[in-house]
$ cat coords.txt   # compact mmCIF, C-alpha atoms and all ligand atoms
# COMPACT_ATOMS: atom_id res chain seq x y z
CA MET A 1 147.54 67.09 100.38
CA VAL A 2 145.99 66.66 96.94
CA ALA A 3 148.56 67.34 94.22
CA PRO A 4 148.35 70.44 92.05
CA VAL A 5 147.73 69.92 88.34
CA VAL A 6 149.64 72.21 85.95
CA SER A 7 148.62 72.53 82.31
CA ILE A 8 151.42 73.74 80.06
CA LEU A 9 149.52 75.79 77.50
CA ASN A 10 149.82 78.60 75.01
CA MET A 11 147.44 78.93 72.06
CA LYS A 12 150.55 79.33 69.89
CA GLY A 13 152.67 76.36 68.75
CA GLY A 14 156.45 76.12 68.93
CA VAL A 15 156.84 78.35 72.00
CA GLY A 16 158.40 75.76 74.30
CA LYS A 17 155.46 73.93 75.92
CA THR A 18 157.02 70.53 75.38
CA THR A 19 160.50 71.83 76.21
CA ALA A 20 159.21 73.16 79.54
CA SER A 21 157.23 69.97 80.24
CA ALA A 22 160.30 67.82 79.67
CA HIS A 23 163.31 69.77 80.89
CA VAL A 24 161.90 71.97 83.62
CA MET A 25 160.04 69.03 85.13
CA ARG A 26 163.11 66.78 84.79
CA VAL A 27 165.01 69.21 87.00
CA LEU A 28 162.05 70.03 89.27
CA TYR A 29 161.26 66.46 90.39
CA HIS A 30 164.90 65.88 91.36
CA GLN A 31 165.65 69.23 92.95
CA MET A 32 162.40 69.36 94.95
CA ARG A 33 162.49 65.59 95.68
CA LYS A 34 158.96 65.04 94.38
CA LYS A 35 156.86 62.41 92.69
CA VAL A 36 155.89 63.99 89.37
CA LEU A 37 153.60 62.63 86.66
CA LEU A 38 153.78 63.99 83.11
CA ILE A 39 150.85 63.35 80.79
CA ASP A 40 151.37 63.91 77.07
CA LEU A 41 148.06 65.43 75.95
CA ASP A 42 149.21 66.48 72.49
CA ALA A 43 148.20 64.25 69.56
CA GLN A 44 151.58 65.08 68.02
CA PHE A 45 153.17 63.56 71.17
CA ASN A 46 156.57 65.25 70.83
CA LEU A 47 157.17 64.93 74.56
CA THR A 48 156.88 61.16 74.33
CA GLN A 49 158.96 61.02 71.15
CA SER A 50 161.76 63.00 72.73
CA VAL A 51 162.18 60.71 75.73
CA GLN A 52 161.07 57.29 74.42
CA THR A 53 162.55 55.19 71.61
CA GLN A 54 160.27 53.78 68.94
CA SER A 55 160.57 50.24 70.29
CA GLN A 56 159.75 51.38 73.84
CA TYR A 57 156.76 53.23 72.44
CA ASP A 58 155.60 50.21 70.41
CA GLN A 59 155.57 48.20 73.63
CA VAL A 60 153.57 50.91 75.41
CA VAL A 61 150.97 50.84 72.63
CA ASP A 62 150.82 47.01 72.76
CA ASP A 63 150.22 47.20 76.50
CA GLY A 64 147.48 49.81 76.07
CA HIS A 65 149.45 52.18 78.27
CA THR A 66 149.06 55.44 76.35
CA VAL A 67 147.09 58.57 77.20
CA MET A 68 144.05 56.97 75.53
CA SER A 69 143.65 54.96 78.75
CA CYS A 70 142.94 58.26 80.54
CA PHE A 71 139.82 58.85 78.43
CA GLU A 72 138.24 55.44 77.94
CA PRO A 73 138.90 51.74 78.64
CA LEU A 74 141.19 50.12 76.08
CA PRO A 75 141.11 48.51 73.62
CA SER A 76 138.66 50.84 71.96
CA ASP A 77 138.49 49.85 68.34
CA ASP A 78 135.90 52.29 67.11
CA PHE A 79 137.31 55.64 66.00
CA PHE A 80 133.89 57.32 66.25
CA GLN A 81 132.72 55.88 69.57
CA VAL A 82 133.88 56.36 73.12
CA LYS A 83 133.82 53.03 74.93
CA GLN A 84 131.78 53.00 78.10
CA SER A 85 132.44 51.26 81.37
CA ASP A 86 131.38 51.33 85.00
CA GLN A 87 134.89 50.36 86.02
CA PRO A 88 137.20 53.07 87.36
CA PRO A 89 140.06 54.15 85.08
CA PRO A 90 143.45 52.50 85.64
CA LEU A 91 145.80 54.12 88.13
CA ALA A 92 148.41 56.41 86.60
CA SER A 93 151.11 54.35 88.33
CA GLU A 94 149.83 51.23 86.51
CA ILE A 95 150.07 52.66 83.01
CA SER A 96 152.88 55.20 83.20
CA THR A 97 156.48 54.72 82.10
CA ARG A 98 159.19 55.43 84.66
CA LEU A 99 161.52 58.04 83.20
CA ARG A 100 163.69 58.77 86.24
CA LYS A 101 163.90 57.91 89.87
CA PHE A 102 166.07 59.08 92.70
CA GLY A 103 167.05 57.23 95.88
CA ASP A 104 166.12 53.75 97.02
CA GLY A 105 162.34 53.89 97.08
CA LEU A 106 159.83 55.30 94.62
CA GLU A 107 158.98 58.47 96.51
CA VAL A 108 161.10 60.66 94.23
CA ARG A 109 160.40 59.89 90.61
CA LEU A 110 159.34 61.20 87.23
CA ASP A 111 156.73 59.16 85.33
CA LEU A 112 155.13 59.69 81.92
CA VAL A 113 151.79 58.71 80.48
CA PRO A 114 152.87 58.52 76.82
CA GLY A 115 150.87 60.34 74.17
CA SER A 116 149.02 59.01 71.17
CA PHE A 117 147.92 60.27 67.77
CA GLU A 118 144.62 58.48 68.49
CA LEU A 119 143.67 61.50 70.63
CA VAL A 120 142.48 63.17 67.41
CA LYS A 121 139.41 60.96 67.62
CA TYR A 122 137.93 63.31 70.21
CA SER A 123 138.05 66.09 67.63
CA MET A 124 136.09 63.89 65.20
CA ILE A 125 133.29 62.83 67.53
CA ASP A 126 130.45 65.32 67.69
CA HIS A 127 128.15 63.38 70.01
CA ALA A 128 128.05 65.38 73.23
CA GLY A 129 126.98 62.43 75.36
CA GLN A 130 129.95 60.35 74.26
CA LEU A 131 132.41 63.14 74.89
CA LYS A 132 130.86 63.64 78.30
CA ASN A 133 131.74 60.04 79.15
CA ALA A 134 135.33 60.63 78.05
CA SER A 135 135.60 63.81 80.09
CA LYS A 136 134.15 62.14 83.20
CA TYR A 137 136.59 59.26 82.82
CA PHE A 138 139.50 61.70 82.46
CA LYS A 139 138.38 63.64 85.52
CA ARG A 140 138.39 60.45 87.52
CA PHE A 141 141.80 59.48 86.16
CA ILE A 142 143.25 62.84 87.20
CA SER A 143 141.68 62.76 90.62
CA GLN A 144 143.26 59.32 91.25
CA ALA A 145 146.60 60.63 89.95
CA ARG A 146 146.44 63.59 92.33
CA ALA A 147 146.26 61.18 95.22
CA GLU A 148 149.24 59.15 93.93
CA TYR A 149 151.65 61.93 92.93
CA ASP A 150 152.89 65.28 94.30
CA LEU A 151 152.43 67.06 90.99
CA VAL A 152 150.62 66.27 87.72
CA VAL A 153 151.76 68.09 84.56
CA LEU A 154 149.76 68.15 81.33
CA ASP A 155 151.64 68.97 78.11
CA CYS A 156 148.84 70.48 76.00
CA ASN A 157 148.24 71.07 72.34
CA PRO A 158 147.80 74.69 71.18
CA SER A 159 144.30 74.14 69.75
CA SER A 160 141.11 74.85 71.65
CA SER A 161 140.03 71.24 71.47
CA PHE A 162 138.02 68.90 73.66
CA VAL A 163 141.27 67.60 75.13
CA THR A 164 142.47 71.13 76.01
CA LYS A 165 139.12 71.78 77.69
CA CYS A 166 139.49 68.58 79.72
CA ALA A 167 143.01 69.66 80.73
CA LEU A 168 141.90 73.10 81.87
CA GLU A 169 138.86 71.84 83.75
CA ASN A 170 141.15 69.67 85.84
CA SER A 171 144.00 72.14 86.37
CA THR A 172 144.82 74.18 89.43
CA ASP A 173 147.59 76.06 87.56
CA VAL A 174 148.54 76.92 84.00
CA LEU A 175 152.06 77.60 82.81
CA SER A 176 152.32 79.44 79.48
CA PRO A 177 155.75 79.56 77.86
CA VAL A 178 156.16 82.56 75.56
CA LYS A 179 158.73 83.44 72.98
CA LEU A 180 159.24 87.16 72.80
CA ASP A 181 157.44 87.77 69.56
CA LYS A 182 154.10 89.37 69.00
CA PHE A 183 152.13 86.19 68.26
CA SER A 184 153.40 84.18 71.16
CA VAL A 185 152.51 86.97 73.59
CA LEU A 186 149.08 87.29 71.95
CA GLY A 187 148.66 83.53 72.45
CA VAL A 188 148.93 84.06 76.22
CA GLY A 189 146.09 86.58 76.05
CA LEU A 190 144.02 83.94 74.27
CA VAL A 191 144.73 81.41 77.03
CA ASP A 192 143.36 83.96 79.44
CA GLN A 193 140.28 84.50 77.26
CA LEU A 194 139.72 80.76 77.24
CA PHE A 195 139.68 80.72 81.07
CA THR A 196 136.94 83.36 80.98
CA HIS A 197 134.86 81.46 78.42
CA LEU A 198 135.14 78.26 80.42
CA GLY A 199 134.44 80.02 83.72
CA LEU A 200 137.77 78.88 85.16
CA SER A 201 140.35 80.77 87.18
CA PRO A 202 143.50 78.67 87.59
CA THR A 203 146.70 80.32 88.81
CA HIS A 204 148.45 81.50 85.66
CA MET A 205 152.23 81.63 85.25
CA ILE A 206 154.11 82.87 82.21
CA LEU A 207 157.60 81.61 81.35
CA VAL A 208 159.73 83.71 79.03
CA ASN A 209 161.55 81.29 76.71
CA GLY A 210 164.28 81.55 74.13
CA VAL A 211 166.22 84.57 75.41
CA GLN A 212 169.97 85.07 75.02
CA ARG A 213 171.87 84.25 78.22
CA ASN A 214 173.61 87.58 78.62
CA GLY A 215 171.61 89.58 76.12
CA PRO A 216 169.76 92.81 76.80
CA ILE A 217 166.09 92.70 77.85
CA SER A 218 164.01 93.19 74.74
CA PRO A 219 161.26 95.83 74.42
CA VAL A 220 158.66 93.03 74.13
CA GLU A 221 159.76 91.59 77.47
CA ILE A 222 159.74 95.02 79.13
CA GLU A 223 156.22 95.57 77.85
CA LEU A 224 155.08 92.12 78.98
CA ARG A 225 156.50 92.57 82.49
CA ALA A 226 154.89 96.00 82.77
CA HIS A 227 151.49 94.72 81.61
CA LYS A 228 148.87 95.33 84.28
CA LYS A 229 147.24 91.92 84.01
CA PHE A 230 150.00 89.65 82.70
CA GLY A 231 153.07 91.29 84.26
CA PRO A 232 152.60 89.74 87.73
CA LYS A 233 152.19 86.31 86.17
CA VAL A 234 155.59 86.37 84.46
CA LEU A 235 158.23 84.30 86.26
CA VAL A 236 161.38 86.21 87.18
CA ASN A 237 163.62 83.45 85.82
CA ARG A 238 163.69 82.82 82.07
CA LEU A 239 164.63 79.89 79.87
CA VAL A 240 167.55 80.69 77.57
CA GLN A 241 167.88 79.74 73.95
CA SER A 242 170.28 76.82 74.05
CA LYS A 243 171.63 74.26 71.59
CA ILE A 244 171.27 71.71 74.37
CA LEU A 245 167.50 72.25 74.42
CA SER A 246 166.95 72.25 70.68
CA ALA A 247 165.50 68.94 69.54
CA ASP A 248 168.18 66.50 68.44
CA PRO A 249 166.73 63.74 66.23
CA SER A 250 169.65 61.43 66.97
CA TYR A 251 169.17 61.50 70.76
CA THR A 252 166.39 60.07 72.90
CA GLY A 253 166.18 61.20 76.51
CA PHE A 254 166.61 64.38 78.48
CA ALA A 255 169.01 66.69 76.66
CA THR A 256 170.08 68.31 79.93
CA ASP A 257 171.47 64.93 81.05
CA LYS A 258 173.82 64.70 78.07
CA GLY A 259 176.56 66.83 79.58
CA GLY A 260 178.87 69.02 77.51
CA PRO A 261 179.66 72.73 77.59
CA TYR A 262 177.20 74.89 79.49
CA SER A 263 174.99 71.99 80.56
CA ASN A 264 175.72 72.64 84.25
CA VAL A 265 174.96 76.32 83.83
CA LEU A 266 171.73 75.47 82.04
CA ARG A 267 170.69 72.99 84.75
CA GLN A 268 171.25 75.64 87.39
CA GLU A 269 169.21 78.16 85.44
CA ILE A 270 166.40 75.64 85.00
CA GLY A 271 166.70 74.88 88.74
CA LYS A 272 165.78 78.49 89.50
CA ILE A 273 162.74 78.26 87.24
CA ALA A 274 161.78 74.98 88.93
CA ARG A 275 162.02 76.59 92.37
CA GLU A 276 159.88 79.52 91.29
CA ILE A 277 157.21 77.23 89.86
CA SER A 278 157.31 75.12 93.03
CA GLU A 279 156.74 78.20 95.18
CA ARG A 280 153.75 79.16 93.10
CA VAL A 281 152.11 75.72 93.01
CA TRP A 282 152.87 74.50 96.54
CA GLY A 283 153.39 77.82 98.30
CA ALA A 284 156.76 78.96 99.65
N1 LIG B 1 164.96 77.45 74.97
C1 LIG B 1 165.12 76.77 73.83
N2 LIG B 1 166.36 76.58 73.30
C2 LIG B 1 166.53 75.90 72.14
N3 LIG B 1 165.51 75.35 71.45
C3 LIG B 1 164.27 75.48 71.93
C4 LIG B 1 163.99 76.19 73.13
N4 LIG B 1 162.65 76.14 73.36
C5 LIG B 1 162.13 75.44 72.34
N5 LIG B 1 163.08 75.04 71.47
C6 LIG B 1 162.90 74.27 70.24
O1 LIG B 1 161.84 74.84 69.50
C7 LIG B 1 161.01 73.83 68.95
C8 LIG B 1 159.59 73.98 69.51
O2 LIG B 1 159.61 73.78 70.92
P1 LIG B 1 158.51 72.92 71.66
O3 LIG B 1 158.86 72.86 73.10
O4 LIG B 1 158.32 71.61 70.96
O5 LIG B 1 157.24 73.84 71.42
P2 LIG B 1 155.68 73.56 71.65
O6 LIG B 1 155.53 72.37 72.51
O7 LIG B 1 155.19 74.82 72.30
O8 LIG B 1 155.08 73.39 70.28
C9 LIG B 1 161.66 72.50 69.32
O9 LIG B 1 162.45 72.08 68.26
C10 LIG B 1 162.49 72.83 70.54
O10 LIG B 1 163.60 71.98 70.65
MG MG B 2 154.48 70.57 72.19
$ encode --input "coords.txt" --output "structure tokens" --more "lines below"
Ligand SMILES: Nc1ncnc2c1ncn2[C@@H]1O[C@H](COP(=O)(O)OP(=O)(O)O)[C@@H](O)[C@H]1O
Ligand SMILES: [Mg+2]
Amino acid sequence: MVAPVVSILNMKGGVGKTTASAHVMRVLYHQMRKKVLLIDLDAQFNLTQSVQTQSQYDQVVDDGHTVMSCFEPLPSDDFFQVKQSDQPPPLASEISTRLRKFGDGLEVRLDLVPGSFELVKYSMIDHAGQLKNASKYFKRFISQARAEYDLVVLDCNPSSSFVTKCALENSTDVLSPVKLDKFSVLGVGLVDQLFTHLGLSPTHMILVNGVQRNGPISPVEIELRAHKKFGPKVLVNRLVQSKILSADPSYTGFATDKGGPYSNVLRQEIGKIAREISERVWGA
């Protein structure tokens, strides 16, 4: 079976896209015993920064093993040109960093294609033909990755950029985290509008993020769940607001692995989200 590709996207920033990409997928690969590939498609590359140290990242850049290798052959020294090649893109397994593995073999693992600020170059180039080459190269990269992995996850940037378009064109599913405020919910509507403009109809899931563990259901959540179009897309299980998940500048790695009070509870809660996502992307 060809692996599903899930874009994590909301047109609003700071809603938990990177948090979901990192922590939900960290639990999902292990619980579901899958081979999962994360690709950091945000030029701010917070996903990469949260799990990789600076010296590990420097090595990745030296090796040419960042997300730039998904769009064109490296090294590409010209900021305003997309390098061309007849060669196929590298395999994801050749350029990715192993974040976690489980068991003796490599069948159950979590890999990352680290991000890069250099991605902004595709917002600077206005030559359609050049961008077409980059998008064809990316399409090929993803199609190879779908043969190698069980699931491919794209942590997207909130802008409607060339890179976001590439992500959506290659996605079977989209997961939109929302915080329960007006703008974050509006951002989900914009994701949906973008599908229409691009003529795409991926499966769309919405993850409520940042709620209090035992708090009451807010009016915004009630309204969202009752919404005719978006209600059915909202996952039953929600991600709680947790100190464990809030970015800690002094720690590199998966926060849920750190231990401490409530970390088991949190892992179990994330496990339920992971199961629900798995049912939607692979079927029950
Ligand atoms: N459920 C949560 N509990 C605690 N902090 C969170 C939670 N979700 C997100 N955050 C924090 O909010 C900030 C923005 O989250 P992030 O996942 O980076 O958003 P995005 O990728 O959508 O821009 C980060 O500092 C992150 O640690
Ligand atoms: Mg992010």
$ residues_near_point --input "coords.txt" --point "(148.6, 52.9, 81.4)" --cutoff "10 Å" --atoms "all atoms listed in the file" --output "PDB file with C-alpha atoms, keeping the file's coordinate frame"
ATOM      1  CA  VAL A  60     153.570  50.910  75.410  1.00  0.00           C
ATOM      2  CA  VAL A  61     150.970  50.840  72.630  1.00  0.00           C
ATOM      3  CA  ASP A  63     150.220  47.200  76.500  1.00  0.00           C
ATOM      4  CA  GLY A  64     147.480  49.810  76.070  1.00  0.00           C
ATOM      5  CA  HIS A  65     149.450  52.180  78.270  1.00  0.00           C
ATOM      6  CA  THR A  66     149.060  55.440  76.350  1.00  0.00           C
ATOM      7  CA  VAL A  67     147.090  58.570  77.200  1.00  0.00           C
ATOM      8  CA  MET A  68     144.050  56.970  75.530  1.00  0.00           C
ATOM      9  CA  SER A  69     143.650  54.960  78.750  1.00  0.00           C
ATOM     10  CA  CYS A  70     142.940  58.260  80.540  1.00  0.00           C
ATOM     11  CA  LEU A  74     141.190  50.120  76.080  1.00  0.00           C
ATOM     12  CA  PRO A  89     140.060  54.150  85.080  1.00  0.00           C
ATOM     13  CA  PRO A  90     143.450  52.500  85.640  1.00  0.00           C
ATOM     14  CA  LEU A  91     145.800  54.120  88.130  1.00  0.00           C
ATOM     15  CA  ALA A  92     148.410  56.410  86.600  1.00  0.00           C
ATOM     16  CA  SER A  93     151.110  54.350  88.330  1.00  0.00           C
ATOM     17  CA  GLU A  94     149.830  51.230  86.510  1.00  0.00           C
ATOM     18  CA  ILE A  95     150.070  52.660  83.010  1.00  0.00           C
ATOM     19  CA  SER A  96     152.880  55.200  83.200  1.00  0.00           C
ATOM     20  CA  THR A  97     156.480  54.720  82.100  1.00  0.00           C
ATOM     21  CA  LEU A 112     155.130  59.690  81.920  1.00  0.00           C
ATOM     22  CA  VAL A 113     151.790  58.710  80.480  1.00  0.00           C
ATOM     23  CA  PRO A 114     152.870  58.520  76.820  1.00  0.00           C
TER      24      PRO A 114
END
$ residues_near_point --input "coords.txt" --point "(157.3, 76.6, 89.1)" --cutoff "10 Å" --atoms "all atoms listed in the file" --output "PyMOL selection string"
chain A and resi 6+24-25+28+173+175+205-207+235+237+271-282
$ residues_near_ligand --input "coords.txt" --ligand "ligand LIG 1 (chain B)" --cutoff "6 Å" --atoms "all atoms listed in the file" --output "PDB file with C-alpha atoms, in the coordinates of the input"
ATOM      1  CA  GLY A  13     152.670  76.360  68.750  1.00  0.00           C
ATOM      2  CA  GLY A  14     156.450  76.120  68.930  1.00  0.00           C
ATOM      3  CA  VAL A  15     156.840  78.350  72.000  1.00  0.00           C
ATOM      4  CA  GLY A  16     158.400  75.760  74.300  1.00  0.00           C
ATOM      5  CA  LYS A  17     155.460  73.930  75.920  1.00  0.00           C
ATOM      6  CA  THR A  18     157.020  70.530  75.380  1.00  0.00           C
ATOM      7  CA  THR A  19     160.500  71.830  76.210  1.00  0.00           C
ATOM      8  CA  ASN A 209     161.550  81.290  76.710  1.00  0.00           C
ATOM      9  CA  GLY A 210     164.280  81.550  74.130  1.00  0.00           C
ATOM     10  CA  LEU A 239     164.630  79.890  79.870  1.00  0.00           C
ATOM     11  CA  VAL A 240     167.550  80.690  77.570  1.00  0.00           C
ATOM     12  CA  GLN A 241     167.880  79.740  73.950  1.00  0.00           C
ATOM     13  CA  SER A 242     170.280  76.820  74.050  1.00  0.00           C
ATOM     14  CA  LYS A 243     171.630  74.260  71.590  1.00  0.00           C
ATOM     15  CA  LEU A 245     167.500  72.250  74.420  1.00  0.00           C
ATOM     16  CA  SER A 246     166.950  72.250  70.680  1.00  0.00           C
ATOM     17  CA  ALA A 247     165.500  68.940  69.540  1.00  0.00           C
TER      18      ALA A 247
END
$ closest_residue --input "coords.txt" --among "A:Leu186, A:Val36, A:Val163, A:Leu266" --to "A:Leu224" --atoms "all atoms listed in the file"
A:Leu186
$ residues_around --input "coords.txt" --residues "stretch 49-59 of chain A" --least-positions-apart "5" --cutoff "8 Å" --atoms "all atoms listed in the file" --output "VMD selection string"
chain A and resid 99 114 247 251 to 254
$ residues_around --input "coords.txt" --residues "A:Lys101" --least-positions-apart "5" --cutoff "9 Å" --atoms "all atoms listed in the file" --output "PyMOL selection string"
chain A and resi 29-30+35+106-111
$ write_last_selection --input "coords.txt" --atoms "C-alpha atoms" --output "tab-separated table (two decimals), keeping the file's coordinate frame"
chain	number	residue	atom	x	y	z
A	29	TYR	CA	161.26	66.46	90.39
A	30	HIS	CA	164.90	65.88	91.36
A	35	LYS	CA	156.86	62.41	92.69
A	106	LEU	CA	159.83	55.30	94.62
A	107	GLU	CA	158.98	58.47	96.51
A	108	VAL	CA	161.10	60.66	94.23
A	109	ARG	CA	160.40	59.89	90.61
A	110	LEU	CA	159.34	61.20	87.23
A	111	ASP	CA	156.73	59.16	85.33
$ residues_near_ligand --input "coords.txt" --ligand "ligand MG 2 (chain B)" --cutoff "12 Å" --atoms "all atoms listed in the file" --output "count of residues only"
38
$ closest_residue --input "coords.txt" --among "A:Leu168, A:Ala128, A:Ala226, A:Val27" --to "A:Ile270" --atoms "only C-alpha atoms"
A:Val27
$ atom_distance --input "coords.txt" --atom1 "atom CA of A:Tyr262" --atom2 "atom CA of A:Asn214"
13.2 Å
$ closest_residue --input "coords.txt" --among "A:Arg213, A:His227, A:Arg98, A:Lys34" --to "A:Tyr149" --atoms "all atoms listed in the file"
A:Lys34
$ residues_around --input "coords.txt" --residues "A:Ser160" --least-positions-apart "4" --cutoff "10 Å" --atoms "all atoms listed in the file" --output "list of chain:residue names"
A:Met11, A:Cys156, A:Thr164, A:Lys165, A:Leu190, A:Val191, A:Leu194
$ residues_around --input "coords.txt" --residues "A:Lys229" --least-positions-apart "4" --cutoff "10 Å" --atoms "all atoms listed in the file" --output "compact mmCIF listing (two decimals) with C-alpha atoms, in the frame of the given file"
# COMPACT_ATOMS: atom_id res chain seq x y z
CA GLY A 189 146.09 86.58 76.05
CA ASP A 192 143.36 83.96 79.44
CA LEU A 224 155.08 92.12 78.98
CA ARG A 225 156.50 92.57 82.49
CA LYS A 233 152.19 86.31 86.17
$ residues_around --input "coords.txt" --residues "A:Pro4" --least-positions-apart "4" --cutoff "7 Å" --atoms "all atoms listed in the file" --output "list in words"
Leu151, Val152, Thr172 and Val281 of chain A
$ decode --input "coords.txt" --residues "stretch 252-264 of chain A" --atoms "N, CA and C atoms" --output "PDB file, in the first residue's frame"
ATOM      1  N   THR A 252      16.617  19.602  24.201  1.00  0.00           N
ATOM      2  CA  THR A 252      16.468  19.205  22.808  1.00  0.00           C
ATOM      3  C   THR A 252      15.987  17.766  22.779  1.00  0.00           C
ATOM      4  N   GLY A 253      14.905  17.515  22.105  1.00  0.00           N
ATOM      5  CA  GLY A 253      14.352  16.158  22.032  1.00  0.00           C
ATOM      6  C   GLY A 253      12.858  16.208  22.230  1.00  0.00           C
ATOM      7  N   PHE A 254      12.256  15.027  22.394  1.00  0.00           N
ATOM      8  CA  PHE A 254      10.811  14.989  22.567  1.00  0.00           C
ATOM      9  C   PHE A 254      10.464  15.205  24.033  1.00  0.00           C
ATOM     10  N   ALA A 255       9.713  16.283  24.282  1.00  0.00           N
ATOM     11  CA  ALA A 255       9.387  16.653  25.662  1.00  0.00           C
ATOM     12  C   ALA A 255       8.640  15.534  26.375  1.00  0.00           C
ATOM     13  N   THR A 256       7.814  14.789  25.621  1.00  0.00           N
ATOM     14  CA  THR A 256       7.037  13.728  26.271  1.00  0.00           C
ATOM     15  C   THR A 256       7.929  12.580  26.752  1.00  0.00           C
ATOM     16  N   ASP A 257       9.184  12.544  26.330  1.00  0.00           N
ATOM     17  CA  ASP A 257      10.099  11.488  26.784  1.00  0.00           C
ATOM     18  C   ASP A 257      10.813  11.873  28.080  1.00  0.00           C
ATOM     19  N   LYS A 258      10.643  13.111  28.493  1.00  0.00           N
ATOM     20  CA  LYS A 258      11.409  13.623  29.638  1.00  0.00           C
ATOM     21  C   LYS A 258      10.997  13.009  30.971  1.00  0.00           C
ATOM     22  N   GLY A 259       9.758  12.556  31.045  1.00  0.00           N
ATOM     23  CA  GLY A 259       9.249  12.046  32.320  1.00  0.00           C
ATOM     24  C   GLY A 259       8.756  13.195  33.190  1.00  0.00           C
ATOM     25  N   GLY A 260       8.500  12.901  34.450  1.00  0.00           N
ATOM     26  CA  GLY A 260       7.998  13.935  35.358  1.00  0.00           C
ATOM     27  C   GLY A 260       6.496  13.810  35.532  1.00  0.00           C
ATOM     28  N   PRO A 261       5.949  14.665  36.432  1.00  0.00           N
ATOM     29  CA  PRO A 261       4.528  14.577  36.750  1.00  0.00           C
ATOM     30  C   PRO A 261       3.656  14.725  35.501  1.00  0.00           C
ATOM     31  N   TYR A 262       2.659  13.901  35.419  1.00  0.00           N
ATOM     32  CA  TYR A 262       1.661  13.955  34.344  1.00  0.00           C
ATOM     33  C   TYR A 262       2.167  13.509  32.970  1.00  0.00           C
ATOM     34  N   SER A 263       3.445  13.136  32.841  1.00  0.00           N
ATOM     35  CA  SER A 263       3.890  12.800  31.491  1.00  0.00           C
ATOM     36  C   SER A 263       3.248  11.498  30.998  1.00  0.00           C
ATOM     37  N   ASN A 264       3.004  10.547  31.928  1.00  0.00           N
ATOM     38  CA  ASN A 264       2.313   9.317  31.513  1.00  0.00           C
ATOM     39  C   ASN A 264       0.883   9.594  31.080  1.00  0.00           C
TER      40      ASN A 264
END
